[in-house]
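For reference, the structure discussed in these notes is given below.
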There are 2 protein chains.
Amino acid sequence: MNVKALWERYQHHLCVCPSIGMQLDISRMGFPDDYLRHMEPAVQNAFHSMALLESGVVANPDENRMVGHYWLRSPELSPSPEIRREIEQTVKSILKFANAVHTGSIKPEKRARFTRLLCIGIGGSALGPQFVSDALGTSHDRLKPFFLDNTDPDGIDRVLSEIGNHLAETLTIVISKSGGTIETRNGMMETAVAYRKNKLKFEKHAVAITGVGSKLDNEAINRKWIAKFPMWEWVGGRTSITSAVGLLPMALQGIDIIDFIGGASRCDAFTRNPVTSTNPAALLALMWHYATDGRGSRDMVIIPYKDRLQLFAKYLQQLIMESLGKEKDLDGKTVNQGIAVYGNKGATDQHAYVQQLREGVNNFFVTFIEVLEDRTGRSIEVEPGVTSGDYLNSYLQGTRNALYENGRHSLTITIDRLEARSIGALIALYERAVGLYASLVNINAYHQPGVEAGKKMAGAVIAIQNQVLAYLHKNSGQSFTVEEVAKAISAKESVEVIFKVLMHASANKDHKIKRTAGKEIFSSKYESSR
Amino acid sequence: MNVKALWERYQHHLCVCPSIGMQLDISRMGFPDDYLRHMEPAVQNAFHSMALLESGVVANPDENRMVGHYWLRSPELSPSPEIRREIEQTVKSILKFANAVHTGSIKPEKRARFTRLLCIGIGGSALGPQFVSDALGTSHDRLKPFFLDNTDPDGIDRVLSEIGNHLAETLTIVISKSGGTIETRNGMMETAVAYRKNKLKFEKHAVAITGVGSKLDNEAINRKWIAKFPMWEWVGGRTSITSAVGLLPMALQGIDIIDFIGGASRCDAFTRNPVTSTNPAALLALMWHYATDGRGSRDMVIIPYKDRLQLFAKYLQQLIMESLGKEKDLDGKTVNQGIAVYGNKGATDQHAYVQQLREGVNNFFVTFIEVLEDRTGRSIEVEPGVTSGDYLNSYLQGTRNALYENGRHSLTITIDRLEARSIGALIALYERAVGLYASLVNINAYHQPGVEAGKKMAGAVIAIQNQVLAYLHKNSGQSFTVEEVAKAISAKESVEVIFKVLMHASANKDHKIKRTAGKEIFSSKYESSR
């Protein structure tokens, strides 16, 4: 396309959203002129489904749940006065709690003030808080945040070691919607031991965010934790950032949660507009559909040109891949949907993989995110009349052009300024785009049936391990090969799992299993060293 | 495949590498029995090319360069005594320098000791040091590391603000092979201003790593920086981690670089073995070839079950995508090669995108990385007889099985223990796998012609910006639309760039450009406010 035609296309399609300080440019996606017209009925249908969802119909049929994350920032739209009250009450109590912590009226057992924040959670209970904390935190945060988002022993040690002797002034938030997430429970138990070793009572430093009546909820009540905040069944983990899951850590860190919710709310209002060409969420969904042939045939590469947005792609991996990566459509047909998402930040990524994007396998489309304001203060000149930010901007434009020249497609989202409001809007934009896209391809975006299988199989591994270790300890003094153990406990079908379990158990002192190397790895013998 | 057959396949194919404490499991890749035999001639050819490369022939023909990263850890294999001496000398001088910094015999201008380390570099001069620093760092690092890897003004402010008034005890290393990388220069200039504002001389805190005779090299000499270390033209940025680029920050941080080099060297020795079935680098390359049909048809998802390895996928994005993402093969044929790489860490990622991996679009293969040793100390029991590490291990096994059950392929790399030696080995393993794979698909893994285009176009954007701003300031008192400016400076073909440049310039106070909103965004007017 020649320069004049491109400029006309740019002007024609630029979606300007003044109320949220945002623009979406779709001109560098190669869709033909009649594409939007052709898709319009499907988009209108998606708007309709979204309106129903927002009104409180059961939009997650498998789990028989309403889907209510939009109410969190517009409680007046809640389907019942109870829900509205709960949402409003929770925001109020979060503000009150954070204020009490900041002023020291809520304080740790042995110190005057809380100065650190440890968030224990995984997936939907970690990625949002981590992203926002990194995007909006400063070196002057009211509480300095740390995260435990795994059941990696060394990883836990590392975080606790970084906190060091500040543990006495660390507020720990345990986040689990179900209250039974094992990684989170393990992180909590290890952390509780660390408090104890420091002669501190865990419960005097602990706050829970969980569903009412969950195991974690009961623990918080019975052990008299400092506070607890609710999660609701109508909020999915990956869309829980505007619930207590996101708001409590943000408020404690010192981020303006009212601005954040406000940004999300304004974006929701703007993207409820059913005129496709002026609705950035609908346009995003359409571009995903165009780029991936409505079946994930291209990866979505997210490159924000702003360090503070470097975790956004990781956040979107969950939001998009867990929502869209589905085996069946709503009619039960096998469709194996999804869109793979990756990316870090520009200009940095230009020095990592833009080589492949420009010249290599053309299996992706890029979303550039541009932030107009470079920094809060003034800039120095790195050349006469040129700032570091001018270069950042030029790299984005240069890469966009270089990709286009080679037939690689890109979207560009421009935001005026990186602040709580715009981050809220950005998240709301993608939440809605995901919902609309799910309608376009006829899938349920709000369940995750595939996650259970791995958990179940992990449980089976633990059960086998228990049997294996019990057998070896019962027969201490004797040593066995993996196959002998498998036969002895009647688990020949699990021999490979037993091999892996014994390799792991004998590499750690905890289980008191000694491995004696055989002639080759599979003839090694294992015995109890109790 | 039934359980018995799977176990036999596992035993048959497990590649055990005792000298580097590693195993590679390829049994869960679906290749047919005769695949390895069929590929053997191509693999032997790849071994042959690699042997030539290691002997010092010009293996990067476009740039007429030798490719010598393997010599860095086995200097005795260098093609000339000069190169050997330079390598050995550099390691010695790094150890000496780090020791002098640690003991305080090299010290900052106004303090007794350096306690912080700021590395300024991008791409190959950042990803390696960042990965290793995160993988091997502790809360007791000799110098606490920080990184500036972009030209984002706010990002620079943020890092400098985190360092805060420790700047006086911060050693800054500027890393650029060419000595002319603009992002790095900008970061350096902004940092130098920060030192100056703190009444400190930058040069009394600065060290350079760069090619002899480069702009940066001359700056370091002329301004009498504390020290400088060499980069060589025969080391590519993305394989420079065992040169001063990686070793100097590691040594300063307190990581054992001799162990690190030793691990890489042992892995090199192990993977020079031309017996394919016992060579993990060759097997990796073959599995990539099998999984992606030798043309990048599937993404490589890297999931290490260890927090410390969470940047490994990001490191591999550069190593793999920049090496393999090529338009032309060695015969000049258009092939658009490459393999997309993404991933973070497990079990965490199970709660993000394993839903899609298990059920969604089947456009990937997974590489699990397992670390047998959980932590250095003992573990608590989170259930009777079960540790957090047992769960981590069980999640890996469970996910591997759940994916296999649904026809998704995976590799598993097992390492005994995470330490300098094994990280060195892991990097060397992937470096060689990349080289061998490049031979299998007949491409040059050691150039990056596609990176230039974006840089050139960025330069053009800066040139346009200079013209635009000069015009507005020259005609101050008058305001212009974007199209008027384009016409006036005879750059109508760049009108879109001018629009973007003016949106950015008017959003920042530095350029003194005032924007007056028009009826719609394209009729806004711009004028100088000088």
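Each chain in the structure tokens gets a letter, A, B and so on, in the order shown; residues start at 1 in every chain, and ligands are counted from 1 in the order they appear.
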Subject >> For Lys314 in chain A: contacts at 12 Å, only C-alpha atoms, fewer than 4 positions along chain excluded, given as number ranges by chain >> reply: A: 123-124, 126-132, 238, 300-304, 309-310, 318-322, 340-345; B: 310, 314, 342-345, 348-349, 351-353
For chain A against chain B, with a cut-off of 6 Å and counting only C-alpha atoms, what is the closest atom pair and its distance in Å to one decimal for every residue that makes the cut, ordered by chain and number, as CSV?
residue,atom,partner,partner_atom,distance
A:Val3,CA,B:Glu493,CA,5.8
A:Trp7,CA,B:Glu496,CA,6.0
A:Gly123,CA,B:His351,CA,4.5
A:Ser139,CA,B:Glu162,CA,5.5
A:Asn150,CA,B:Thr348,CA,5.6
A:Thr151,CA,B:Ser388,CA,5.5
A:Asp152,CA,B:Gly389,CA,5.9
A:Pro153,CA,B:Asp374,CA,5.7
A:Asp154,CA,B:Arg375,CA,4.7
A:Gly155,CA,B:Asp307,CA,5.3
A:Glu162,CA,B:Ser139,CA,5.5
A:Asn186,CA,B:Ser388,CA,5.9
A:Asp307,CA,B:Gly155,CA,5.3
A:Gln318,CA,B:Ala352,CA,4.1
A:Met321,CA,B:Tyr353,CA,5.3
A:Glu322,CA,B:Tyr353,CA,5.2
A:Gly325,CA,B:Gln356,CA,3.8
A:Lys326,CA,B:Gly360,CA,4.7
A:Glu327,CA,B:Glu359,CA,4.6
A:Asn336,CA,B:Gly360,CA,4.1
A:Gln337,CA,B:Gly360,CA,4.7
A:Gly338,CA,B:Gly360,CA,5.3
A:Thr348,CA,B:Asn150,CA,5.6
A:His351,CA,B:Gly123,CA,4.5
A:Ala352,CA,B:Gln318,CA,4.1
A:Tyr353,CA,B:Glu322,CA,5.2
A:Gln355,CA,B:Gly450,CA,4.8
A:Gln356,CA,B:Gly325,CA,3.8
A:Glu359,CA,B:Glu327,CA,4.7
A:Gly360,CA,B:Asn336,CA,4.1
A:Val361,CA,B:Asn336,CA,4.8
A:Leu372,CA,B:His504,CA,5.2
A:Glu373,CA,B:Ala507,CA,5.6
A:Asp374,CA,B:Pro153,CA,5.7
A:Arg375,CA,B:Asp154,CA,4.6
A:Ser388,CA,B:Thr151,CA,5.4
A:Gly389,CA,B:Pro153,CA,5.7
A:Leu392,CA,B:Thr151,CA,5.7
A:Ser394,CA,B:Ala458,CA,4.7
A:Tyr395,CA,B:Ala458,CA,5.0
A:Gly398,CA,B:Ala458,CA,4.3
A:Thr399,CA,B:Gly454,CA,4.6
A:Ala402,CA,B:Gly454,CA,5.3
A:Gly450,CA,B:Gln355,CA,4.8
A:Val451,CA,B:Gln355,CA,5.2
A:Ala453,CA,B:Ala402,CA,5.9
A:Gly454,CA,B:Thr399,CA,4.6
A:Met457,CA,B:Gly398,CA,4.4
A:Ala458,CA,B:Gly398,CA,4.3
A:Val461,CA,B:Ser394,CA,5.5
A:Glu493,CA,B:Val3,CA,5.8
A:Glu496,CA,B:Trp7,CA,6.0
A:His504,CA,B:Leu372,CA,5.2
A:Ala507,CA,B:Glu373,CA,5.5
A:Asn508,CA,B:Glu373,CA,5.8
Need to verify the contact set: Asn273 in chain A, 12 Å, only C-alpha atoms, exclusion of same-chain residues closer than 2 positions in sequence. Can you return it as a PDB file with all heavy atoms, in the first residue's frame?
ATOM      1  N   CYS A  17     -10.265   7.480  21.803  1.00  0.00           N
ATOM      2  CA  CYS A  17     -11.090   7.301  23.009  1.00  0.00           C
ATOM      3  C   CYS A  17     -10.672   8.348  24.038  1.00  0.00           C
ATOM      4  O   CYS A  17      -9.933   8.041  24.984  1.00  0.00           O
ATOM      5  CB  CYS A  17     -10.877   5.915  23.603  1.00  0.00           C
ATOM      6  SG  CYS A  17     -10.688   4.581  22.385  1.00  0.00           S
ATOM      7  N   VAL A  43     -20.334  -9.467  15.472  1.00  0.00           N
ATOM      8  CA  VAL A  43     -19.965  -8.529  16.531  1.00  0.00           C
ATOM      9  C   VAL A  43     -21.206  -8.080  17.304  1.00  0.00           C
ATOM     10  O   VAL A  43     -21.196  -8.009  18.532  1.00  0.00           O
ATOM     11  CB  VAL A  43     -19.216  -7.303  15.951  1.00  0.00           C
ATOM     12  CG1 VAL A  43     -18.869  -6.311  17.053  1.00  0.00           C
ATOM     13  CG2 VAL A  43     -17.952  -7.745  15.236  1.00  0.00           C
ATOM     14  N   GLN A  44     -22.278  -7.809  16.557  1.00  0.00           N
ATOM     15  CA  GLN A  44     -23.508  -7.397  17.242  1.00  0.00           C
ATOM     16  C   GLN A  44     -23.993  -8.507  18.171  1.00  0.00           C
ATOM     17  O   GLN A  44     -24.468  -8.261  19.271  1.00  0.00           O
ATOM     18  CB  GLN A  44     -24.591  -6.990  16.233  1.00  0.00           C
ATOM     19  CG  GLN A  44     -24.316  -5.648  15.547  1.00  0.00           C
ATOM     20  CD  GLN A  44     -24.097  -4.496  16.540  1.00  0.00           C
ATOM     21  OE1 GLN A  44     -24.742  -4.425  17.588  1.00  0.00           O
ATOM     22  NE2 GLN A  44     -23.164  -3.594  16.215  1.00  0.00           N
ATOM     23  N   PHE A  47     -21.890  -8.323  21.244  1.00  0.00           N
ATOM     24  CA  PHE A  47     -22.350  -7.239  22.131  1.00  0.00           C
ATOM     25  C   PHE A  47     -23.570  -7.690  22.932  1.00  0.00           C
ATOM     26  O   PHE A  47     -23.699  -7.415  24.118  1.00  0.00           O
ATOM     27  CB  PHE A  47     -22.726  -5.994  21.313  1.00  0.00           C
ATOM     28  CG  PHE A  47     -21.551  -5.203  20.801  1.00  0.00           C
ATOM     29  CD1 PHE A  47     -21.564  -4.689  19.509  1.00  0.00           C
ATOM     30  CD2 PHE A  47     -20.448  -4.940  21.606  1.00  0.00           C
ATOM     31  CE1 PHE A  47     -20.489  -3.937  19.019  1.00  0.00           C
ATOM     32  CE2 PHE A  47     -19.373  -4.182  21.134  1.00  0.00           C
ATOM     33  CZ  PHE A  47     -19.401  -3.685  19.832  1.00  0.00           C
ATOM     34  N   HIS A  48     -24.450  -8.395  22.237  1.00  0.00           N
ATOM     35  CA  HIS A  48     -25.678  -8.859  22.888  1.00  0.00           C
ATOM     36  C   HIS A  48     -25.355  -9.845  24.014  1.00  0.00           C
ATOM     37  O   HIS A  48     -25.872  -9.734  25.132  1.00  0.00           O
ATOM     38  CB  HIS A  48     -26.579  -9.499  21.831  1.00  0.00           C
ATOM     39  CG  HIS A  48     -27.842 -10.052  22.386  1.00  0.00           C
ATOM     40  ND1 HIS A  48     -28.844  -9.242  22.895  1.00  0.00           N
ATOM     41  CD2 HIS A  48     -28.269 -11.330  22.545  1.00  0.00           C
ATOM     42  CE1 HIS A  48     -29.838 -10.007  23.336  1.00  0.00           C
ATOM     43  NE2 HIS A  48     -29.510 -11.277  23.150  1.00  0.00           N
ATOM     44  N   MET A  50     -22.624 -10.048  25.635  1.00  0.00           N
ATOM     45  CA  MET A  50     -21.948  -9.307  26.695  1.00  0.00           C
ATOM     46  C   MET A  50     -22.962  -8.548  27.548  1.00  0.00           C
ATOM     47  O   MET A  50     -22.837  -8.503  28.782  1.00  0.00           O
ATOM     48  CB  MET A  50     -20.941  -8.343  26.059  1.00  0.00           C
ATOM     49  CG  MET A  50     -20.103  -7.562  27.041  1.00  0.00           C
ATOM     50  SD  MET A  50     -19.081  -8.585  28.115  1.00  0.00           S
ATOM     51  CE  MET A  50     -17.704  -8.931  27.024  1.00  0.00           C
ATOM     52  N   ALA A  51     -23.971  -7.979  26.908  1.00  0.00           N
ATOM     53  CA  ALA A  51     -25.008  -7.251  27.665  1.00  0.00           C
ATOM     54  C   ALA A  51     -25.747  -8.206  28.597  1.00  0.00           C
ATOM     55  O   ALA A  51     -26.025  -7.880  29.755  1.00  0.00           O
ATOM     56  CB  ALA A  51     -25.969  -6.564  26.696  1.00  0.00           C
ATOM     57  N   ARG A 266     -14.612   3.652  33.404  1.00  0.00           N
ATOM     58  CA  ARG A 266     -14.758   4.497  32.215  1.00  0.00           C
ATOM     59  C   ARG A 266     -14.539   3.708  30.938  1.00  0.00           C
ATOM     60  O   ARG A 266     -15.206   3.930  29.928  1.00  0.00           O
ATOM     61  CB  ARG A 266     -13.708   5.604  32.232  1.00  0.00           C
ATOM     62  CG  ARG A 266     -14.063   6.738  33.127  1.00  0.00           C
ATOM     63  CD  ARG A 266     -13.147   7.894  32.761  1.00  0.00           C
ATOM     64  NE  ARG A 266     -13.113   8.854  33.837  1.00  0.00           N
ATOM     65  CZ  ARG A 266     -12.603  10.072  33.707  1.00  0.00           C
ATOM     66  NH1 ARG A 266     -12.053  10.432  32.555  1.00  0.00           N
ATOM     67  NH2 ARG A 266     -12.607  10.895  34.721  1.00  0.00           N
ATOM     68  N   CYS A 267     -13.568   2.811  30.985  1.00  0.00           N
ATOM     69  CA  CYS A 267     -13.308   1.996  29.798  1.00  0.00           C
ATOM     70  C   CYS A 267     -14.494   1.071  29.538  1.00  0.00           C
ATOM     71  O   CYS A 267     -14.907   0.880  28.395  1.00  0.00           O
ATOM     72  CB  CYS A 267     -12.019   1.201  29.971  1.00  0.00           C
ATOM     73  SG  CYS A 267     -11.608   0.203  28.534  1.00  0.00           S
ATOM     74  N   ASP A 268     -15.052   0.522  30.621  1.00  0.00           N
ATOM     75  CA  ASP A 268     -16.250  -0.312  30.456  1.00  0.00           C
ATOM     76  C   ASP A 268     -17.362   0.484  29.773  1.00  0.00           C
ATOM     77  O   ASP A 268     -18.000   0.010  28.837  1.00  0.00           O
ATOM     78  CB  ASP A 268     -16.760  -0.796  31.824  1.00  0.00           C
ATOM     79  CG  ASP A 268     -15.849  -1.832  32.446  1.00  0.00           C
ATOM     80  OD1 ASP A 268     -15.040  -2.440  31.722  1.00  0.00           O
ATOM     81  OD2 ASP A 268     -15.947  -2.031  33.682  1.00  0.00           O
ATOM     82  N   ALA A 269     -17.572   1.705  30.282  1.00  0.00           N
ATOM     83  CA  ALA A 269     -18.649   2.536  29.724  1.00  0.00           C
ATOM     84  C   ALA A 269     -18.374   2.815  28.247  1.00  0.00           C
ATOM     85  O   ALA A 269     -19.263   2.687  27.398  1.00  0.00           O
ATOM     86  CB  ALA A 269     -18.744   3.855  30.500  1.00  0.00           C
ATOM     87  N   PHE A 270     -17.135   3.137  27.957  1.00  0.00           N
ATOM     88  CA  PHE A 270     -16.788   3.482  26.576  1.00  0.00           C
ATOM     89  C   PHE A 270     -16.952   2.283  25.646  1.00  0.00           C
ATOM     90  O   PHE A 270     -17.358   2.419  24.495  1.00  0.00           O
ATOM     91  CB  PHE A 270     -15.337   3.985  26.528  1.00  0.00           C
ATOM     92  CG  PHE A 270     -14.997   4.710  25.264  1.00  0.00           C
ATOM     93  CD1 PHE A 270     -15.245   6.077  25.152  1.00  0.00           C
ATOM     94  CD2 PHE A 270     -14.472   4.044  24.167  1.00  0.00           C
ATOM     95  CE1 PHE A 270     -14.960   6.758  23.972  1.00  0.00           C
ATOM     96  CE2 PHE A 270     -14.175   4.720  22.987  1.00  0.00           C
ATOM     97  CZ  PHE A 270     -14.424   6.081  22.889  1.00  0.00           C
ATOM     98  N   THR A 271     -16.628   1.098  26.146  1.00  0.00           N
ATOM     99  CA  THR A 271     -16.632  -0.093  25.276  1.00  0.00           C
ATOM    100  C   THR A 271     -17.961  -0.852  25.309  1.00  0.00           C
ATOM    101  O   THR A 271     -18.080  -1.908  24.703  1.00  0.00           O
ATOM    102  CB  THR A 271     -15.478  -1.047  25.652  1.00  0.00           C
ATOM    103  OG1 THR A 271     -15.544  -1.338  27.056  1.00  0.00           O
ATOM    104  CG2 THR A 271     -14.130  -0.420  25.325  1.00  0.00           C
ATOM    105  N   VAL A 275     -21.304   0.576  18.611  1.00  0.00           N
ATOM    106  CA  VAL A 275     -20.868   0.994  17.273  1.00  0.00           C
ATOM    107  C   VAL A 275     -19.429   0.505  17.089  1.00  0.00           C
ATOM    108  O   VAL A 275     -18.484   1.061  17.663  1.00  0.00           O
ATOM    109  CB  VAL A 275     -20.950   2.525  17.111  1.00  0.00           C
ATOM    110  CG1 VAL A 275     -20.509   2.928  15.695  1.00  0.00           C
ATOM    111  CG2 VAL A 275     -22.371   3.004  17.388  1.00  0.00           C
ATOM    112  N   THR A 276     -19.303  -0.538  16.334  1.00  0.00           N
ATOM    113  CA  THR A 276     -18.041  -1.268  16.268  1.00  0.00           C
ATOM    114  C   THR A 276     -16.834  -0.373  15.976  1.00  0.00           C
ATOM    115  O   THR A 276     -15.802  -0.478  16.636  1.00  0.00           O
ATOM    116  CB  THR A 276     -18.135  -2.363  15.193  1.00  0.00           C
ATOM    117  OG1 THR A 276     -19.310  -3.135  15.477  1.00  0.00           O
ATOM    118  CG2 THR A 276     -16.925  -3.262  15.189  1.00  0.00           C
ATOM    119  N   SER A 277     -16.968   0.513  15.004  1.00  0.00           N
ATOM    120  CA  SER A 277     -15.794   1.272  14.549  1.00  0.00           C
ATOM    121  C   SER A 277     -15.274   2.231  15.605  1.00  0.00           C
ATOM    122  O   SER A 277     -14.161   2.723  15.499  1.00  0.00           O
ATOM    123  CB  SER A 277     -16.131   2.051  13.279  1.00  0.00           C
ATOM    124  OG  SER A 277     -17.123   3.018  13.580  1.00  0.00           O
ATOM    125  N   THR A 278     -16.070   2.510  16.625  1.00  0.00           N
ATOM    126  CA  THR A 278     -15.603   3.406  17.681  1.00  0.00           C
ATOM    127  C   THR A 278     -15.446   2.666  19.010  1.00  0.00           C
ATOM    128  O   THR A 278     -15.344   3.289  20.062  1.00  0.00           O
ATOM    129  CB  THR A 278     -16.569   4.589  17.867  1.00  0.00           C
ATOM    130  OG1 THR A 278     -17.883   4.063  18.151  1.00  0.00           O
ATOM    131  CG2 THR A 278     -16.632   5.452  16.617  1.00  0.00           C
ATOM    132  N   ASN A 279     -15.456   1.352  18.948  1.00  0.00           N
ATOM    133  CA  ASN A 279     -15.336   0.550  20.172  1.00  0.00           C
ATOM    134  C   ASN A 279     -14.006  -0.221  20.144  1.00  0.00           C
ATOM    135  O   ASN A 279     -13.871  -1.215  19.419  1.00  0.00           O
ATOM    136  CB  ASN A 279     -16.510  -0.421  20.264  1.00  0.00           C
ATOM    137  CG  ASN A 279     -16.492  -1.213  21.562  1.00  0.00           C
ATOM    138  OD1 ASN A 279     -15.421  -1.589  22.044  1.00  0.00           O
ATOM    139  ND2 ASN A 279     -17.657  -1.459  22.128  1.00  0.00           N
ATOM    140  N   PRO A 280     -13.017   0.227  20.920  1.00  0.00           N
ATOM    141  CA  PRO A 280     -11.692  -0.398  20.825  1.00  0.00           C
ATOM    142  C   PRO A 280     -11.675  -1.859  21.267  1.00  0.00           C
ATOM    143  O   PRO A 280     -10.868  -2.643  20.743  1.00  0.00           O
ATOM    144  CB  PRO A 280     -10.820   0.472  21.735  1.00  0.00           C
ATOM    145  CG  PRO A 280     -11.767   1.133  22.685  1.00  0.00           C
ATOM    146  CD  PRO A 280     -13.049   1.316  21.917  1.00  0.00           C
ATOM    147  N   ALA A 281     -12.551  -2.250  22.190  1.00  0.00           N
ATOM    148  CA  ALA A 281     -12.573  -3.657  22.623  1.00  0.00           C
ATOM    149  C   ALA A 281     -13.067  -4.545  21.483  1.00  0.00           C
ATOM    150  O   ALA A 281     -12.514  -5.623  21.221  1.00  0.00           O
ATOM    151  CB  ALA A 281     -13.455  -3.818  23.859  1.00  0.00           C
ATOM    152  N   ALA A 282     -14.096  -4.065  20.795  1.00  0.00           N
ATOM    153  CA  ALA A 282     -14.625  -4.834  19.659  1.00  0.00           C
ATOM    154  C   ALA A 282     -13.594  -4.897  18.532  1.00  0.00           C
ATOM    155  O   ALA A 282     -13.403  -5.944  17.902  1.00  0.00           O
ATOM    156  CB  ALA A 282     -15.921  -4.200  19.160  1.00  0.00           C
ATOM    157  N   LEU A 283     -12.928  -3.783  18.287  1.00  0.00           N
ATOM    158  CA  LEU A 283     -11.918  -3.771  17.217  1.00  0.00           C
ATOM    159  C   LEU A 283     -10.756  -4.706  17.540  1.00  0.00           C
ATOM    160  O   LEU A 283     -10.247  -5.416  16.671  1.00  0.00           O
ATOM    161  CB  LEU A 283     -11.416  -2.345  16.976  1.00  0.00           C
ATOM    162  CG  LEU A 283     -12.439  -1.403  16.328  1.00  0.00           C
ATOM    163  CD1 LEU A 283     -11.889   0.026  16.261  1.00  0.00           C
ATOM    164  CD2 LEU A 283     -12.854  -1.877  14.934  1.00  0.00           C
ATOM    165  N   ARG A 432     -12.701  -7.043  28.191  1.00  0.00           N
ATOM    166  CA  ARG A 432     -13.880  -7.034  27.318  1.00  0.00           C
ATOM    167  C   ARG A 432     -13.552  -7.613  25.942  1.00  0.00           C
ATOM    168  O   ARG A 432     -14.369  -8.328  25.354  1.00  0.00           O
ATOM    169  CB  ARG A 432     -14.466  -5.628  27.194  1.00  0.00           C
ATOM    170  CG  ARG A 432     -15.850  -5.611  26.527  1.00  0.00           C
ATOM    171  CD  ARG A 432     -16.515  -4.252  26.640  1.00  0.00           C
ATOM    172  NE  ARG A 432     -16.703  -3.880  28.021  1.00  0.00           N
ATOM    173  CZ  ARG A 432     -17.860  -3.974  28.669  1.00  0.00           C
ATOM    174  NH1 ARG A 432     -18.947  -4.383  28.033  1.00  0.00           N
ATOM    175  NH2 ARG A 432     -17.944  -3.626  29.928  1.00  0.00           N
TER     176      ARG A 432
END
Subject >> Backbone DSSP call of helix (DSSP H, G or I) for range 11-187 of chain A, listed as an MDAnalysis selection string >> reply: chainID A and resid 11:13 18:20 35:55 61:63 71:73 75:77 81:103 123:125 127:136 153:169 182:187
**OP:** Write out as a PyMOL selection string which residues come within 10 Å of His69 in chain A when counting only C-alpha atoms, dropping same-chain ones fewer than 3 positions away.
**Re:** chain A and resi 54+66+72-75+78+232+234-243+428+431
**OP:** Provide the CA of Ile369 in chain A to CA of Leu436 in chain A distance in Å, to one decimal place.
**Re:**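 Going from CA of Ile369 in chain A over to CA of Leu436 in chain A covers 20.7 Å.
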**OP:** Using DSSP on the backbone coordinates, identify the residues of range 258-495 of chain B assigned to strand (DSSP E); present them as a ChimeraX atom specification.
**Re:** /B:299-304,341-342,364-371,410-415
